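Printed here is work-v3.txt (compact mmCIF, C-alpha atoms and all ligand atoms):
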# COMPACT_ATOMS: atom_id res chain seq x y z
CA MET A 1 71.66 108.47 104.43
CA ILE A 2 74.60 108.71 106.84
CA PRO A 3 77.64 107.90 104.68
CA GLN A 4 80.24 105.33 105.78
CA SER A 5 83.04 107.78 105.04
CA SER A 6 83.12 111.26 103.54
CA PRO A 7 86.32 112.60 101.97
CA VAL A 8 84.43 115.64 100.69
CA SER A 9 83.68 116.62 104.29
CA ALA A 10 87.42 116.69 104.93
CA TYR A 11 87.77 119.10 102.02
CA LEU A 12 84.88 121.33 103.08
CA ALA A 13 86.16 121.50 106.67
CA ARG A 14 89.43 123.12 105.50
CA ARG A 15 88.38 124.44 102.13
CA ASN A 16 90.16 127.80 102.24
CA GLU A 17 93.51 126.37 103.27
CA ILE A 18 93.30 123.55 100.73
CA ASP A 19 92.28 125.88 97.91
CA ALA A 20 95.17 128.19 98.80
CA ALA A 21 97.63 125.29 98.82
CA ILE A 22 96.45 124.13 95.40
CA ARG A 23 96.67 127.64 93.93
CA ARG A 24 100.19 127.99 95.36
CA VAL A 25 101.33 124.84 93.54
CA LEU A 26 99.63 125.77 90.27
CA ALA A 27 101.32 129.17 90.29
CA SER A 28 104.74 127.77 91.28
CA GLY A 29 105.43 126.10 87.93
CA ARG A 30 106.89 123.07 89.73
CA TYR A 31 104.60 120.03 89.73
CA ILE A 32 106.78 116.99 90.43
CA LEU A 33 109.23 116.48 93.34
CA GLY A 34 109.55 120.10 94.37
CA ASP A 35 109.35 122.04 97.64
CA GLU A 36 105.91 120.76 98.67
CA VAL A 37 107.02 117.13 98.58
CA ARG A 38 110.28 117.98 100.35
CA GLN A 39 108.47 119.91 103.09
CA PHE A 40 105.81 117.25 103.45
CA GLU A 41 108.47 114.57 103.85
CA VAL A 42 110.12 116.53 106.66
CA GLU A 43 106.79 117.20 108.38
CA PHE A 44 105.52 113.63 107.95
CA ALA A 45 108.75 112.17 109.41
CA ALA A 46 108.52 114.58 112.36
CA ALA A 47 104.88 113.68 112.99
CA HIS A 48 105.83 110.00 113.25
CA ARG A 49 109.09 110.72 115.08
CA ALA A 50 110.79 108.83 112.27
CA ILE A 51 114.28 109.68 110.98
CA TRP A 52 113.11 110.15 107.40
CA ALA A 53 110.07 109.85 105.15
CA THR A 54 109.84 109.70 101.39
CA GLY A 55 106.77 110.19 99.23
CA VAL A 56 105.68 107.63 96.63
CA ALA A 57 102.68 107.27 94.33
CA SER A 58 100.47 104.96 96.45
CA GLY A 59 100.29 102.73 99.49
CA THR A 60 100.68 99.67 97.28
CA ASP A 61 103.85 101.10 95.77
CA ALA A 62 105.10 101.92 99.27
CA VAL A 63 104.92 98.24 100.27
CA GLU A 64 106.40 97.10 96.95
CA LEU A 65 109.34 99.50 97.06
CA ALA A 66 109.98 98.76 100.75
CA LEU A 67 110.25 95.05 99.94
CA ARG A 68 112.56 95.74 96.98
CA VAL A 69 114.83 97.89 99.13
CA LEU A 70 115.01 95.09 101.71
CA GLY A 71 116.17 92.73 98.97
CA VAL A 72 112.99 90.66 98.63
CA GLY A 73 112.68 89.26 95.11
CA PRO A 74 111.29 86.52 92.89
CA GLY A 75 110.39 83.29 94.68
CA ASP A 76 111.02 84.65 98.18
CA GLY A 77 108.36 84.04 100.83
CA VAL A 78 106.85 86.97 102.70
CA LEU A 79 104.93 86.26 105.89
CA THR A 80 101.81 88.40 106.11
CA VAL A 81 98.12 88.29 106.95
CA SER A 82 95.24 87.35 104.69
CA HIS A 83 92.82 89.62 106.58
CA THR A 84 93.97 92.88 104.94
CA ALA A 85 93.41 95.06 101.92
CA VAL A 86 94.32 92.98 98.87
CA ALA A 87 96.86 95.74 98.12
CA THR A 88 99.25 94.40 100.79
CA VAL A 89 99.46 91.11 98.95
CA ALA A 90 99.38 92.66 95.47
CA ALA A 91 102.58 94.49 96.43
CA ILE A 92 104.23 91.23 97.51
CA ALA A 93 103.18 89.61 94.24
CA ARG A 94 104.54 92.60 92.26
CA VAL A 95 108.09 91.87 93.41
CA GLY A 96 107.61 88.24 92.38
CA ALA A 97 107.51 87.04 96.00
CA VAL A 98 105.01 84.57 97.47
CA PRO A 99 102.75 85.55 100.38
CA LEU A 100 102.89 83.05 103.24
CA PHE A 101 99.72 83.69 105.19
CA VAL A 102 99.60 83.92 108.95
CA ASP A 103 96.36 83.98 110.95
CA VAL A 104 95.13 87.05 112.82
CA ASP A 105 94.43 87.48 116.50
CA ARG A 106 90.69 87.25 117.14
CA GLU A 107 90.52 90.42 119.21
CA ARG A 108 93.05 92.73 117.57
CA TYR A 109 92.37 91.54 113.99
CA THR A 110 96.12 91.88 113.37
CA MET A 111 98.90 89.31 112.91
CA SER A 112 98.82 86.69 115.66
CA PRO A 113 102.30 86.20 117.15
CA GLY A 114 101.41 82.57 117.95
CA SER A 115 100.43 81.94 114.34
CA LEU A 116 103.58 83.74 113.14
CA HIS A 117 105.64 81.47 115.39
CA ASP A 118 104.04 78.38 113.83
CA ALA A 119 104.39 79.72 110.30
CA LEU A 120 108.08 80.49 110.87
CA GLY A 121 108.58 76.88 111.90
CA ARG A 122 106.83 75.54 108.81
CA THR A 123 108.38 77.88 106.28
CA ALA A 124 111.96 77.75 107.60
CA GLY A 125 114.35 79.07 104.98
CA ARG A 126 111.59 80.18 102.64
CA ALA A 127 110.51 83.40 104.36
CA LYS A 128 112.61 86.49 103.61
CA ALA A 129 110.53 89.19 105.30
CA VAL A 130 107.46 89.89 107.44
CA VAL A 131 104.77 92.43 106.54
CA ALA A 132 102.58 93.28 109.54
CA VAL A 133 99.39 95.31 108.98
CA HIS A 134 97.89 97.72 111.54
CA LEU A 135 94.35 96.97 110.45
CA TYR A 136 91.43 99.36 111.08
CA GLY A 137 93.78 101.68 113.04
CA GLN A 138 94.66 99.07 115.68
CA PRO A 139 98.42 98.66 116.24
CA ALA A 140 99.60 95.08 115.70
CA ASP A 141 101.55 93.46 118.54
CA MET A 142 104.91 94.78 117.31
CA PRO A 143 107.10 93.80 120.30
CA GLU A 144 106.15 90.13 119.88
CA ILE A 145 106.23 90.18 116.08
CA LEU A 146 109.64 91.88 116.04
CA ALA A 147 111.09 89.44 118.57
CA LEU A 148 110.03 86.48 116.41
CA ALA A 149 111.26 88.08 113.17
CA ARG A 150 114.60 89.07 114.71
CA ALA A 151 115.12 85.53 116.00
CA HIS A 152 114.98 84.43 112.34
CA ALA A 153 116.92 87.48 111.09
CA LEU A 154 113.95 88.61 108.98
CA PRO A 155 113.32 92.29 108.19
CA VAL A 156 109.89 93.68 109.08
CA VAL A 157 107.73 96.09 107.08
CA GLU A 158 104.76 97.71 108.81
CA ASP A 159 101.82 98.43 106.51
CA CYS A 160 100.40 101.54 108.21
CA ALA A 161 97.92 102.45 105.46
CA GLN A 162 95.09 102.37 108.04
CA ALA A 163 96.98 103.65 111.06
CA HIS A 164 98.46 107.14 110.53
CA GLY A 165 99.28 108.46 113.99
CA ALA A 166 98.56 105.24 115.92
CA SER A 167 101.11 104.29 118.57
CA LEU A 168 102.23 101.55 120.91
CA GLY A 169 103.84 102.46 124.20
CA GLY A 170 104.06 106.05 122.93
CA ARG A 171 106.00 105.02 119.83
CA ARG A 172 104.26 105.59 116.53
CA VAL A 173 103.54 102.71 114.20
CA GLY A 174 105.85 102.66 111.22
CA THR A 175 108.94 103.16 113.41
CA TRP A 176 108.97 99.71 115.03
CA GLY A 177 110.03 97.65 112.04
CA ASP A 178 112.69 98.32 109.40
CA LEU A 179 110.34 100.32 107.18
CA GLY A 180 106.81 101.68 107.62
CA THR A 181 104.50 102.23 104.64
CA PHE A 182 101.52 104.57 104.29
CA SER A 183 98.73 105.23 101.81
CA PHE A 184 97.04 108.60 101.28
CA TYR A 185 94.02 107.21 99.46
CA PRO A 186 91.20 109.73 100.06
CA THR A 187 89.36 107.75 102.76
CA LYS A 188 92.44 107.02 104.90
CA ASN A 189 93.00 108.89 108.19
CA LEU A 190 95.40 111.12 106.26
CA GLY A 191 93.94 111.34 102.77
CA ALA A 192 94.91 113.17 99.60
CA PHE A 193 92.48 114.03 96.79
CA GLY A 194 93.97 111.38 94.57
CA ASP A 195 96.60 108.68 95.08
CA GLY A 196 99.67 108.99 97.23
CA GLY A 197 101.86 107.07 99.66
CA ALA A 198 104.99 107.28 101.78
CA VAL A 199 107.67 105.15 103.38
CA VAL A 200 109.31 105.99 106.72
CA GLY A 201 112.51 104.53 108.11
CA ALA A 202 115.76 105.11 109.97
CA ASP A 203 118.50 103.64 107.74
CA GLU A 204 119.90 106.27 105.35
CA ARG A 205 120.90 103.58 102.83
CA HIS A 206 117.26 102.54 102.58
CA LEU A 207 116.32 106.18 102.00
CA ASP A 208 118.88 106.62 99.22
CA ALA A 209 117.71 103.40 97.55
CA LEU A 210 114.04 104.43 97.77
CA ARG A 211 114.68 107.91 96.42
CA ALA A 212 116.46 106.41 93.45
CA MET A 213 113.96 103.64 92.93
CA ARG A 214 110.92 105.93 92.86
CA GLU A 215 112.42 107.79 89.91
CA TYR A 216 113.78 105.38 87.29
CA GLY A 217 116.66 104.29 89.53
CA TRP A 218 118.28 107.67 89.04
CA GLU A 219 121.36 108.25 91.12
CA SER A 220 121.53 111.69 89.61
CA ARG A 221 119.51 113.12 86.74
CA TYR A 222 119.54 110.77 83.72
CA VAL A 223 121.96 108.35 85.42
CA SER A 224 120.26 105.09 86.41
CA ARG A 225 122.58 103.02 88.58
CA GLN A 226 119.91 100.51 89.59
CA PHE A 227 116.43 99.27 88.74
CA GLY A 228 113.73 101.88 89.26
CA VAL A 229 110.12 102.73 88.55
CA ASN A 230 108.01 105.87 88.33
CA SER A 231 106.37 106.20 91.74
CA ARG A 232 106.35 109.84 92.79
CA LEU A 233 104.08 111.76 95.13
CA ASP A 234 103.09 114.85 93.21
CA GLU A 235 103.27 118.44 94.38
CA LEU A 236 99.49 119.03 94.41
CA GLN A 237 98.85 116.05 96.68
CA ALA A 238 101.80 116.93 98.91
CA ALA A 239 100.50 120.48 99.36
CA VAL A 240 97.04 119.17 100.32
CA LEU A 241 98.59 116.57 102.64
CA ARG A 242 100.55 119.28 104.48
CA VAL A 243 97.27 121.00 105.34
CA ARG A 244 95.66 117.78 106.46
CA LEU A 245 98.72 116.51 108.36
CA ALA A 246 98.54 119.55 110.66
CA ALA A 247 95.06 118.35 111.67
CA LEU A 248 95.80 114.62 111.90
CA ASP A 249 96.05 114.38 115.68
CA ASP A 250 92.81 116.37 116.10
CA ASP A 251 91.09 114.20 113.51
CA ASN A 252 92.27 111.04 115.27
CA ARG A 253 91.04 112.40 118.62
CA ARG A 254 87.66 112.98 117.03
CA ARG A 255 87.61 109.42 115.66
CA ARG A 256 88.33 108.11 119.17
CA LEU A 257 85.53 110.23 120.59
CA ILE A 258 83.12 108.80 118.02
CA ALA A 259 84.35 105.30 118.94
CA ASP A 260 83.72 106.05 122.63
CA ARG A 261 80.16 107.07 121.79
CA TYR A 262 79.63 103.89 119.79
CA ASP A 263 81.07 101.81 122.65
CA GLU A 264 78.53 103.30 125.04
CA GLY A 265 75.56 103.80 122.76
CA ILE A 266 75.34 100.44 120.99
CA ARG A 267 73.48 98.13 123.33
CA ALA A 268 72.99 94.69 121.86
CA ASP A 269 74.48 91.51 123.32
CA SER A 270 74.96 89.93 119.90
CA ILE A 271 77.35 92.69 118.75
CA ILE A 272 81.09 92.41 119.43
CA LYS A 273 82.73 95.85 119.57
CA PRO A 274 86.38 96.68 118.86
CA ARG A 275 88.79 96.12 121.75
CA ARG A 276 91.43 98.53 122.96
CA PHE A 277 94.64 97.36 124.56
CA PRO A 278 96.76 99.01 127.27
CA GLY A 279 99.48 101.20 125.80
CA ALA A 280 98.09 100.88 122.26
CA GLU A 281 96.56 104.02 120.76
CA HIS A 282 93.92 102.91 118.25
CA VAL A 283 93.12 105.58 115.61
CA PHE A 284 89.85 104.04 114.38
CA HIS A 285 90.37 104.19 110.66
CA GLN A 286 87.30 101.96 110.90
CA TYR A 287 84.97 101.13 113.76
CA VAL A 288 84.35 97.47 113.04
CA ILE A 289 81.77 95.38 114.84
CA GLN A 290 81.16 91.67 114.53
CA ALA A 291 77.55 90.61 114.09
CA PRO A 292 76.22 87.05 113.80
CA GLN A 293 73.84 87.85 110.91
CA ARG A 294 76.05 90.44 109.31
CA ASP A 295 74.49 90.66 105.83
CA HIS A 296 71.02 90.88 107.32
CA LEU A 297 72.14 93.64 109.71
CA GLN A 298 73.83 95.56 106.90
CA LYS A 299 70.64 95.59 104.89
CA ALA A 300 68.49 96.57 107.88
CA LEU A 301 70.87 99.45 108.66
CA ALA A 302 70.66 100.65 105.06
CA ASP A 303 66.85 100.67 105.45
CA HIS A 304 67.39 102.85 108.54
CA GLY A 305 69.56 105.31 106.59
CA VAL A 306 72.96 104.07 107.80
CA ALA A 307 75.58 103.16 105.18
CA THR A 308 78.13 100.51 106.17
CA LEU A 309 80.89 98.56 104.41
CA VAL A 310 82.50 95.18 104.88
CA HIS A 311 86.29 95.29 105.18
CA TYR A 312 86.72 92.79 103.67
CA PRO A 313 84.06 90.34 102.43
CA LYS A 314 86.74 87.85 101.40
CA ALA A 315 90.17 87.28 102.89
CA VAL A 316 93.00 87.53 100.37
CA HIS A 317 93.54 83.74 100.22
CA GLN A 318 89.85 83.45 99.28
CA GLN A 319 90.29 85.77 96.28
CA PRO A 320 90.51 84.03 92.90
CA ALA A 321 93.93 85.56 92.19
CA TYR A 322 95.45 84.27 95.42
CA ASP A 323 93.70 81.03 96.31
CA GLY A 324 96.51 78.67 95.30
CA GLU A 325 97.45 76.19 98.04
CA SER A 326 101.03 77.42 98.08
CA PHE A 327 99.84 80.71 99.52
CA ARG A 328 98.55 79.12 102.68
CA PRO A 329 101.08 77.37 104.88
CA VAL A 330 98.68 77.06 107.82
CA ALA A 331 94.95 77.03 108.45
CA LEU A 332 93.46 80.47 109.00
CA PRO A 333 90.40 79.84 111.22
CA ASN A 334 90.33 83.29 112.84
CA THR A 335 90.65 85.05 109.49
CA GLU A 336 87.87 83.00 107.94
CA GLY A 337 85.59 83.51 110.95
CA VAL A 338 86.16 87.24 111.09
CA VAL A 339 85.46 87.97 107.42
CA SER A 340 82.01 86.43 107.72
CA ARG A 341 81.00 88.69 110.63
CA VAL A 342 82.73 92.10 110.33
CA LEU A 343 80.85 95.29 109.54
CA SER A 344 82.36 98.80 109.40
CA LEU A 345 80.06 101.51 110.76
CA PRO A 346 80.17 105.13 109.57
CA MET A 347 83.44 106.70 110.75
CA PHE A 348 84.89 110.06 109.69
CA PRO A 349 85.99 113.01 111.84
CA GLU A 350 83.36 115.40 110.47
CA MET A 351 80.42 113.20 111.58
CA THR A 352 78.07 115.09 113.86
CA LEU A 353 77.25 113.68 117.27
CA GLU A 354 73.61 113.56 116.17
CA GLN A 355 74.65 111.24 113.34
CA VAL A 356 76.63 109.12 115.80
CA GLU A 357 73.61 108.81 118.10
CA ALA A 358 71.41 107.90 115.13
CA VAL A 359 73.83 105.10 114.19
CA CYS A 360 73.84 103.82 117.79
CA ALA A 361 70.04 103.74 117.86
CA ALA A 362 69.80 102.02 114.48
CA VAL A 363 72.40 99.35 115.31
CA THR A 364 70.83 98.68 118.71
CA ARG A 365 67.39 98.32 117.21
CA CYS A 366 68.35 96.30 114.13
CA ALA A 367 70.57 93.93 116.15
CA ARG A 368 67.88 93.36 118.77
CA TYR A 369 65.04 92.90 116.31
CA PRO A 370 66.71 91.26 113.32
CA ASP A 371 63.36 90.29 111.82
CA GLY A 372 62.19 93.88 111.71
CA ALA A 373 59.77 93.68 114.65
CA SER A 374 59.19 97.26 115.67
CA GLY A 375 59.86 96.72 119.36
CA ARG A 376 60.73 99.73 121.49
CA SER A 377 63.95 99.73 123.44
C1 LIG B 401 94.64 101.26 101.37
C2 LIG B 401 95.60 100.19 101.74
C3 LIG B 401 96.71 99.88 100.95
C4 LIG B 401 96.92 100.42 99.56
O1 LIG B 401 96.97 101.74 99.42
P1 LIG B 401 96.76 102.42 97.96
O2 LIG B 401 97.20 103.82 98.22
O3 LIG B 401 95.32 102.26 97.62
O4 LIG B 401 97.66 101.73 97.00
C5 LIG B 401 97.62 98.95 101.42
N1 LIG B 401 97.44 98.33 102.58
C6 LIG B 401 96.36 98.56 103.36
C7 LIG B 401 96.23 97.84 104.67
C8 LIG B 401 95.40 99.49 102.95
O5 LIG B 401 94.34 99.72 103.73

Using structure tokens, write down the structure that the file contains.
Ligand SMILES: *Cc1c(COP(=O)(O)O)cnc(C)c1O
Amino acid sequence: MIPQSSPVSAYLARRNEIDAAIRRVLASGRYILGDEVRQFEVEFAAAHRAIWATGVASGTDAVELALRVLGVGPGDGVLTVSHTAVATVAAIARVGAVPLFVDVDRERYTMSPGSLHDALGRTAGRAKAVVAVHLYGQPADMPEILALARAHALPVVEDCAQAHGASLGGRRVGTWGDLGTFSFYPTKNLGAFGDGGAVVGADERHLDALRAMREYGWESRYVSRQFGVNSRLDELQAAVLRVRLAALDDDNRRRRLIADRYDEGIRADSIIKPRRFPGAEHVFHQYVIQAPQRDHLQKALADHGVATLVHYPKAVHQQPAYDGESFRPVALPNTEGVVSRVLSLPMFPEMTLEQVEAVCAAVTRCARYPDGASGRS
């Protein structure tokens, strides 16, 4: 079976360096907020050409703490998409805010500026922030989204959990809005071997507030000036992430190469492939196709030894926890259409080109002969 993703391959590809990093931390005697986290923060900020970066315990926490720092609180509306990891919305709910869903663009799968414009009109006064998501590695249309948010004086958080290293017009995602948030969940483009996350930004006051908030609101040791939580990136994960960060651009290049091969090698008219846009550097966290008989195709591919996943089978507003009417200020036709057709093919940098060709052949065959006829192409 060709797996859909393979975090263990990322370990095996750099096993010696990762083992050495882990041994270094174990021997150091410092396991929380030490040199590894400090160095990683400097290196991660530099990689994104951000002013600063700060580690936190997960991508969900990163969104939550970013919203808290921007002053979003109970009852506030936060404009975001429903076609995302449920984590984006869980973070909004954690601060007591209400997600106000905006539809996605049908080709980018990210927040539609036209839909944001409409939602801003309908939720006037209610919305306190915008959370844009760079889904699947595709940068959202930040110039348009920022222009609309600025016109309403709303701060913007970019959820970059699926887009480490992606850029628009040469500028990395995470540095367009007020704050950019990242997850280091093992399958992400930059993955730890456990949980982890980070926030990047430019305003030093935001940095000070985040640093305090991630550790009990401490202004200095044992002095809590403000509300805080425990949301720290630990030294072991930071040491691993430093090894993997050095390879991020190479890994993303490899993902793009695999995507190029899929673009060329999958030959079936019924399949819609991911689009790329001028000036936008997609980092293919996922290579997501749309197929008319998606569930059928997924099963046929499994029979051909190709594992796939659906990101995500239900939009957030279709989840039991979030299906209240108040969550949905506008209809979401693109979101609802997309979730019924998307399928994520195998995508990880260590895939061999033979595996990529095998996926192309299987998708082409299964999409052309959905009833299992053994026609030759
Ligand atoms: C993975 C992910 C998150 C959550 O990250 P965790 O580290 O699992 O908390 C948030 N948003 C998006 C878009 C994600 O893909």

Closest of A:Gln4, A:Asn16, A:Gln226, A:Gln286 to ligand LIG 401 (chain B) - atom-to-atom distances counting all atoms listed in the file: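 The shortest atom-to-atom distance to ligand LIG 401 (chain B) comes from A:Gln286.
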
To test the calculation: enclose all listed atoms of ligand LIG 401 (chain B) in a box whose edges run along x, y and z, add 5 Å on each side, then state centre and edge lengths in Å to one decimal, as lines of an AutoDock Vina configuration file.
center_x = 96.0
center_y = 100.8
center_z = 100.8
size_x = 13.3
size_y = 16.0
size_z = 17.7

Spatial neighbours of Ala140 in chain A, 8 Å, only C-alpha atoms, chain gap at least 6 places, as a PyMOL selection string: chain A and resi 108+110-111+132-134

Using C-alpha atoms, can you export the residues from the last selection as a compact mmCIF listing (two decimals), in the frame of the given file?
# COMPACT_ATOMS: atom_id res chain seq x y z
CA ARG A 108 93.05 92.73 117.57
CA THR A 110 96.12 91.88 113.37
CA MET A 111 98.90 89.31 112.91
CA ALA A 132 102.58 93.28 109.54
CA VAL A 133 99.39 95.31 108.98
CA HIS A 134 97.89 97.72 111.54

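Based on all atoms listed in the file, the protein and nucleic acid residues found within 6 Å of ligand LIG 401 (chain B) are, by chain and then by number, A:Ser58, A:Gly59, A:Thr60, A:Thr84, A:Ala85, A:Ala87, A:Thr88, A:Val133, A:Asp159, A:Ala161, A:Gln162, A:Ser183, A:Phe184, A:Tyr185, A:Asp195, A:Gly196, A:Gly197.
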
Selection: 12 Å around Phe277 in chain A, all atoms listed in the file, excl. self and same-chain fewer than 4 positions, as a list in words: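 Contacts, with the query itself left out: Glu107, Arg108, Gln138, Pro139, Ala140, Asp141, Ser167, Leu168, Gly169, Glu281 and His282 of chain A.
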